[in-house]
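Trainee: Have a look at this one.
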Amino acid sequence: MRLRKALNDRLLTWKMAGGVRQTTADILERGGRNLMVVIGFTIIVIIISIALLAPVLPIADPTSIESGQELLPPSSENWFGTDENGRDVFSRVVWSARVSLTVATVAVVVSMIIGIVLGLTAGYFGGKVDYIITGTIDLFWTFPPFLLALTFAAALGAGLTNVILAISISYWAGFARLMRGQALSMRERQFVEASRALGARHWRLMFMHVLPNCIAPLIVWASIGVADAIVIESSLSFLGVGTKPPTPSWGWMLSSGILYLGNAPWTSTFPGIAMVSTILGFNLLGDGLRDVLDPRMKGLRG
Amino acid sequence: MSGKKPVLEIRGLRTQFFLREGIVTALDGIDLTIYENESVGIVGETGCGKSMTAYSILRLVPHPGRITAGSIKYKGSELTTLDPDLMRSVRGTMISMIFQDASTALDPVFKIGSQLGEVISLHQNTYEKGELEKKIVEVLELVRIAAPKEVMRMYPHELSGGMKQRVMIALALSCSPSLLIADEPTTALDVTIQGQILKLLKGLVAKTGSSMMLITHNLGIVAETCDRVCVMYAGRIVEDAETFELFEHPKHPYTAGLLTAFPKLGEKKAELSVIRGTVPDLMNPFKGCPFVDRCDNAMGICSKQRPSRVEVSPGHFVSCHLWSGGESPDGG
């Protein structure tokens, strides 16, 4: 009788192991069926690979100035034509992708870390801590991220590090708000209480139980955040407070190409197309991931 | 009973909630002793303070609640004033708790093995992978989970309710605590699984030599599992006796009411008897016995003076004027 029960239990366990799909595999499969995720992901992969491969691709030096080659239209020699200084536009678009993606990714990671730490602390502890942190978040949230970034970039001066810093400072509040809300609801959950009753410390409860359960919306926000950061970076460069001129940047290419828009539209059209497709890619991925990771949030936009 | 060593001694415990609307006294002078190797049932209706007693013992009373008076001694050392860091090491290793609904008490994003591993490595400083896995398998076998190696690699959503509760019990017992608090461990399960889990709990408590405090509103569960029963009403323990004694000779009118309200199989009754009225509002402090408005035997003194705890027969305590009047009140 007991043996039979044990065998039954074992059978049941096996059935369950096969019958219910593992969560990660499940998400991957649902992601694969989501058109937005597939298109977004493909665009991003193509752009990232081109950006990564830039140094080994057989393309012209993006900074070499060729006299007599100014403002040439697209040809087999220069696919996207040349700019007012005779530099190859295709090469500059490719190298700009490196700069933009690096700036955007680093800035989003930095603001995500700031946001997670502050938001988690506020949501988990509540009370006075929450009051102070929420106040700070709201202060930053009051201004559009671009305006803040512009102010900080102008104050810090142009340059890669300063742009990253400016974007991070102006963008963390969104992550913090999101994290705080999630932590607030998650800390009341019984598994957090149960873990506390079994003697877990605050930091363990925060980072081992609350944070991993809030990761899905953070991923979505991060993906959309990269797109936002690219826009901010390009806009800063466009206005001349972003990356410094010798470094190729989409925003800077756009602004310098404006003067020649009439007779050499390729100088600003191609960087524009590259920028739009990158942003589209991250936005599609973010929106698609939201549907995949949390079907309940469908249709909402932060 | 007197030869046994107490694991937990609670004296005059009072837990209050400071709300904007006023002060709610959730626990009002709890006296409770749990001895070694003993299963004590805490019975009472919703909101009478059963769970709050458990949270107070672990010092996890949620904000804005606070323990305002009384003492809780674990094997002689005071818990109410213990350093928070030391208190944290008490939880899990000396006093553990099992929650009502295992499906919400397990973290959905971690596999069973890593959740058990977390508790074990946290309290026993076992970090070596092979050793940790051996210990995890050991506790899973303890709660009679077939194929523990497979279950270890599963997420909580892949397990049935009964299996989850077993894992929860394994979590609570993984560091062999001397006191296990089970807060309605079977409420979320169906009746057949309930029986299995209770049998398992009872067996494990006997096997590991720990004590158990079982919180429930089901008198049947208490009768089956516990050595002693405490009946709670409006934040107080109104009667405390050995299970058999309590069911045979209930002294407090509330206990008697509860027992008659419990339908017996094979007995025909046109209507179930009920205890009339509702629980008093804990926000308004009452001078006398909290049960006075619902009691058929209420006397003049009942609404004026709080009944003291009287030992009506060896090991049988009751807080009621019906008994403190007749007997000499030296027992309490």
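Chain labels run A, B, ... following the order of the structure tokens; each chain numbers its residues from 1, and ligands are numbered from 1 in the order shown.
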Quick one: residues within 12 Å of Pro84 in chain B, only C-alpha atoms, excluding same-chain residues fewer than 6 positions away - as a list in words?

Mentor: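 With the cut-off at 12 Å, the set is Gly199, Ala200, Arg201 and His202 of chain A; Leu58, Arg59, Leu60, Val90 and Arg91 of chain B.
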
Trainee: Could you list, as JSON, numbers by chain, the residues of chain B having an atom within 6 Å of chain A when counting only C-alpha atoms?

Mentor: {"B": [88, 89, 91, 92, 104, 105, 106, 107, 146]}

Trainee: Would you save the residues of that selection, restricted to N, CA and C atoms, as a PDB file, in the first residue's frame?

Mentor:
ATOM      1  N   ARG B  88      16.532  38.121  15.169  1.00  0.00           N
ATOM      2  CA  ARG B  88      16.487  37.574  13.828  1.00  0.00           C
ATOM      3  C   ARG B  88      17.063  36.161  13.788  1.00  0.00           C
ATOM      4  N   SER B  89      18.085  35.922  14.614  1.00  0.00           N
ATOM      5  CA  SER B  89      18.649  34.577  14.605  1.00  0.00           C
ATOM      6  C   SER B  89      17.777  33.603  15.393  1.00  0.00           C
ATOM      7  N   ARG B  91      14.481  33.627  15.027  1.00  0.00           N
ATOM      8  CA  ARG B  91      13.499  33.231  14.015  1.00  0.00           C
ATOM      9  C   ARG B  91      14.125  32.196  13.087  1.00  0.00           C
ATOM     10  N   GLY B  92      13.409  31.102  12.896  1.00  0.00           N
ATOM     11  CA  GLY B  92      13.919  30.086  11.987  1.00  0.00           C
ATOM     12  C   GLY B  92      14.730  29.023  12.683  1.00  0.00           C
ATOM     13  N   THR B 104       1.223  31.270  -1.433  1.00  0.00           N
ATOM     14  CA  THR B 104       1.680  32.656  -1.436  1.00  0.00           C
ATOM     15  C   THR B 104       2.893  32.837  -0.535  1.00  0.00           C
ATOM     16  N   ALA B 105       3.197  31.832   0.267  1.00  0.00           N
ATOM     17  CA  ALA B 105       4.306  31.972   1.203  1.00  0.00           C
ATOM     18  C   ALA B 105       5.630  31.493   0.609  1.00  0.00           C
ATOM     19  N   LEU B 106       5.573  30.924  -0.588  1.00  0.00           N
ATOM     20  CA  LEU B 106       6.812  30.545  -1.266  1.00  0.00           C
ATOM     21  C   LEU B 106       7.088  31.573  -2.356  1.00  0.00           C
ATOM     22  N   ASP B 107       8.356  31.937  -2.502  1.00  0.00           N
ATOM     23  CA  ASP B 107       8.725  32.933  -3.499  1.00  0.00           C
ATOM     24  C   ASP B 107       8.598  32.339  -4.898  1.00  0.00           C
ATOM     25  N   ALA B 146       8.133  12.542  -2.218  1.00  0.00           N
ATOM     26  CA  ALA B 146       8.727  11.534  -3.074  1.00  0.00           C
ATOM     27  C   ALA B 146       9.566  12.256  -4.119  1.00  0.00           C
TER      28      ALA B 146
END

Trainee: Between CA of Ala154 in chain A and CA of Val241 in chain A, what is the distance in Å, rounded to a tenth?

Mentor: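 CA of Ala154 in chain A sits 5.9 Å away from CA of Val241 in chain A.
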
Trainee: Please, what distance in Å, to one decimal, runs between CA of Val109 in chain A and CA of Val37 in chain A?

Mentor: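 Value for the CA of Val109 in chain A-CA of Val37 in chain A distance: 20.9 Å.
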
Trainee: Name all residues at most 8 Å from Ile44 in chain A (count only C-alpha atoms; drop same-chain ones fewer than 2 positions away) and give them as an MDAnalysis selection string.

Mentor: chainID A and resid 40:42 46:48 278 281:282

Trainee: Limited to N, CA and C atoms, could you put the picked residues into a file as a PDB file, in the first residue's frame?

Mentor:
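Output contents, as saved in selection-v8.pdb:
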ATOM      1  N   GLY A  40      11.660  44.055 -33.311  1.00  0.00           N
ATOM      2  CA  GLY A  40      12.511  44.918 -32.496  1.00  0.00           C
ATOM      3  C   GLY A  40      13.854  44.272 -32.227  1.00  0.00           C
ATOM      4  N   PHE A  41      13.800  43.012 -31.842  1.00  0.00           N
ATOM      5  CA  PHE A  41      15.018  42.285 -31.497  1.00  0.00           C
ATOM      6  C   PHE A  41      15.933  42.181 -32.714  1.00  0.00           C
ATOM      7  N   THR A  42      15.341  41.890 -33.897  1.00  0.00           N
ATOM      8  CA  THR A  42      16.144  41.757 -35.117  1.00  0.00           C
ATOM      9  C   THR A  42      16.849  43.069 -35.451  1.00  0.00           C
ATOM     10  N   ILE A  46      20.922  43.600 -35.494  1.00  0.00           N
ATOM     11  CA  ILE A  46      21.642  44.058 -36.694  1.00  0.00           C
ATOM     12  C   ILE A  46      22.465  45.310 -36.364  1.00  0.00           C
ATOM     13  N   ILE A  47      21.823  46.278 -35.709  1.00  0.00           N
ATOM     14  CA  ILE A  47      22.528  47.529 -35.426  1.00  0.00           C
ATOM     15  C   ILE A  47      23.685  47.326 -34.460  1.00  0.00           C
ATOM     16  N   ILE A  48      23.445  46.497 -33.424  1.00  0.00           N
ATOM     17  CA  ILE A  48      24.528  46.254 -32.465  1.00  0.00           C
ATOM     18  C   ILE A  48      25.690  45.526 -33.145  1.00  0.00           C
ATOM     19  N   THR A 278      16.895  52.586 -34.940  1.00  0.00           N
ATOM     20  CA  THR A 278      17.382  52.096 -33.652  1.00  0.00           C
ATOM     21  C   THR A 278      16.336  52.338 -32.566  1.00  0.00           C
ATOM     22  N   GLY A 281      13.467  50.085 -32.972  1.00  0.00           N
ATOM     23  CA  GLY A 281      13.818  48.734 -32.519  1.00  0.00           C
ATOM     24  C   GLY A 281      13.649  48.584 -31.014  1.00  0.00           C
ATOM     25  N   PHE A 282      14.218  49.528 -30.244  1.00  0.00           N
ATOM     26  CA  PHE A 282      14.130  49.421 -28.782  1.00  0.00           C
ATOM     27  C   PHE A 282      12.697  49.607 -28.287  1.00  0.00           C
TER      28      PHE A 282
END

Trainee: I'd like the neighbourhood of Ala102 in chain B as a list in words, where a residue qualifies if any of its atoms comes within 9 Å (using only C-alpha atoms), though same-chain residues fewer than 4 positions away should be ignored.

Mentor: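 Using only C-alpha atoms, the neighbours found are Gln190 and Phe191 of chain A; Ile98, Leu106, Gly161, Gly162, Lys164, Gln165, Arg166, Val167, Met168, Pro185 and Ala188 of chain B.
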
Trainee: Fewer than 6 positions away in the same chain doesn't count, so skip those; otherwise give me all residues within 8 Å of Ile137 in chain A, counting only C-alpha atoms, as a PDB file with C-alpha atoms, in the first residue's frame.

Mentor:
ATOM      1  CA  ALA A 173      13.579  59.037 -11.283  1.00  0.00           C
ATOM      2  CA  ALA A 176      12.935  54.757  -8.840  1.00  0.00           C
ATOM      3  CA  ARG A 177       9.202  55.434  -9.116  1.00  0.00           C
TER       4      ARG A 177
END

Trainee: Would you please work out which residue, of A:Gly181, A:Gly174, A:Gly135, A:Gly32, is nearest to Gly123 in chain A when using only C-alpha atoms?

Mentor: A:Gly181

Trainee: When DSSP is applied to the backbone of this structure, which of range 112-167 of chain B are assigned helix (DSSP H, G or I)? Write them out as a tab-separated table (two decimals) with N, CA and C atoms, in the first residue's frame.

Mentor:
chain	number	residue	atom	x	y	z
B	112	ILE	N	12.49	25.42	-5.54
B	112	ILE	CA	12.34	24.92	-4.17
B	112	ILE	C	13.71	24.74	-3.51
B	113	GLY	N	14.63	24.14	-4.25
B	113	GLY	CA	15.96	23.87	-3.70
B	113	GLY	C	16.66	25.13	-3.23
B	114	SER	N	16.58	26.20	-4.02
B	114	SER	CA	17.31	27.40	-3.62
B	114	SER	C	16.64	28.09	-2.44
B	115	GLN	N	15.31	27.93	-2.34
B	115	GLN	CA	14.64	28.54	-1.18
B	115	GLN	C	14.99	27.81	0.11
B	116	LEU	N	15.04	26.48	0.03
B	116	LEU	CA	15.44	25.71	1.21
B	116	LEU	C	16.91	25.98	1.50
B	117	GLY	N	17.70	26.02	0.44
B	117	GLY	CA	19.13	26.26	0.59
B	117	GLY	C	19.41	27.60	1.26
B	118	GLU	N	18.59	28.59	0.93
B	118	GLU	CA	18.77	29.91	1.52
B	118	GLU	C	18.68	29.85	3.03
B	119	VAL	N	17.61	29.21	3.52
B	119	VAL	CA	17.40	29.14	4.97
B	119	VAL	C	18.51	28.34	5.64
B	120	ILE	N	18.87	27.20	5.02
B	120	ILE	CA	19.88	26.34	5.63
B	120	ILE	C	21.23	27.03	5.67
B	121	SER	N	21.63	27.63	4.55
B	121	SER	CA	22.95	28.27	4.54
B	121	SER	C	22.97	29.49	5.45
B	122	LEU	N	21.82	30.15	5.55
B	122	LEU	CA	21.73	31.34	6.39
B	122	LEU	C	21.95	31.01	7.87
B	123	HIS	N	21.33	29.93	8.31
B	123	HIS	CA	21.38	29.65	9.74
B	123	HIS	C	22.43	28.63	10.14
B	124	GLN	N	22.86	27.81	9.21
B	124	GLN	CA	23.81	26.77	9.60
B	124	GLN	C	25.18	26.99	8.99
B	129	LYS	N	28.33	23.24	-1.85
B	129	LYS	CA	27.18	22.88	-2.66
B	129	LYS	C	26.66	21.46	-2.41
B	130	GLY	N	27.59	20.50	-2.41
B	130	GLY	CA	27.18	19.10	-2.25
B	130	GLY	C	26.54	18.86	-0.90
B	131	GLU	N	27.14	19.46	0.12
B	131	GLU	CA	26.64	19.28	1.48
B	131	GLU	C	25.26	19.92	1.64
B	132	LEU	N	25.14	21.09	1.02
B	132	LEU	CA	23.87	21.82	1.08
B	132	LEU	C	22.76	20.99	0.42
B	133	GLU	N	23.10	20.42	-0.74
B	133	GLU	CA	22.11	19.63	-1.45
B	133	GLU	C	21.70	18.41	-0.64
B	134	LYS	N	22.65	17.81	0.04
B	134	LYS	CA	22.36	16.65	0.87
B	134	LYS	C	21.37	17.03	1.97
B	135	LYS	N	21.60	18.20	2.56
B	135	LYS	CA	20.71	18.65	3.63
B	135	LYS	C	19.32	18.98	3.11
B	136	ILE	N	19.27	19.56	1.91
B	136	ILE	CA	17.97	19.89	1.31
B	136	ILE	C	17.17	18.62	1.06
B	137	VAL	N	17.84	17.63	0.46
B	137	VAL	CA	17.18	16.35	0.19
B	137	VAL	C	16.71	15.73	1.50
B	138	GLU	N	17.53	15.85	2.54
B	138	GLU	CA	17.19	15.30	3.85
B	138	GLU	C	15.88	15.89	4.39
B	139	VAL	N	15.76	17.21	4.37
B	139	VAL	CA	14.54	17.82	4.91
B	139	VAL	C	13.33	17.53	4.03
B	140	LEU	N	13.56	17.44	2.73
B	140	LEU	CA	12.43	17.12	1.85
B	140	LEU	C	11.95	15.70	2.10
B	141	GLU	N	12.90	14.81	2.39
B	141	GLU	CA	12.51	13.43	2.72
B	141	GLU	C	11.78	13.39	4.05
B	142	LEU	N	12.20	14.27	4.95
B	142	LEU	CA	11.58	14.35	6.26
B	142	LEU	C	10.08	14.64	6.15
B	148	PRO	N	12.67	13.81	-4.00
B	148	PRO	CA	13.10	15.14	-3.57
B	148	PRO	C	14.05	15.81	-4.57
B	149	LYS	N	14.86	15.01	-5.26
B	149	LYS	CA	15.82	15.60	-6.21
B	149	LYS	C	15.11	16.33	-7.34
B	150	GLU	N	13.98	15.75	-7.78
B	150	GLU	CA	13.22	16.40	-8.86
B	150	GLU	C	12.51	17.64	-8.32
B	151	VAL	N	11.90	17.49	-7.13
B	151	VAL	CA	11.15	18.61	-6.55
B	151	VAL	C	12.06	19.82	-6.30
B	152	MET	N	13.30	19.54	-5.90
B	152	MET	CA	14.28	20.60	-5.66
B	152	MET	C	14.43	21.52	-6.86
B	156	PRO	N	7.68	26.79	-7.35
B	156	PRO	CA	6.46	26.57	-6.57
B	156	PRO	C	5.20	26.33	-7.40
B	157	HIS	N	5.09	27.00	-8.57
B	157	HIS	CA	3.85	26.83	-9.33
B	157	HIS	C	3.72	25.45	-9.94
B	158	GLU	N	4.80	24.69	-9.92
B	158	GLU	CA	4.73	23.35	-10.50
B	158	GLU	C	4.28	22.31	-9.48
B	161	GLY	N	-0.97	21.97	-4.05
B	161	GLY	CA	-1.13	22.66	-2.77
B	161	GLY	C	-0.54	21.89	-1.60
B	162	GLY	N	-0.81	20.60	-1.56
B	162	GLY	CA	-0.31	19.76	-0.47
B	162	GLY	C	1.22	19.70	-0.47
B	163	MET	N	1.78	19.59	-1.70
B	163	MET	CA	3.25	19.53	-1.82
B	163	MET	C	3.86	20.84	-1.36
B	164	LYS	N	3.22	21.96	-1.72
B	164	LYS	CA	3.72	23.27	-1.32
B	164	LYS	C	3.73	23.39	0.20
B	165	GLN	N	2.65	22.92	0.82
B	165	GLN	CA	2.59	23.01	2.29
B	165	GLN	C	3.68	22.12	2.91
B	166	ARG	N	3.95	20.98	2.28
B	166	ARG	CA	5.04	20.14	2.76
B	166	ARG	C	6.37	20.85	2.67
B	167	VAL	N	6.57	21.55	1.54
B	167	VAL	CA	7.82	22.30	1.37
B	167	VAL	C	7.92	23.39	2.43
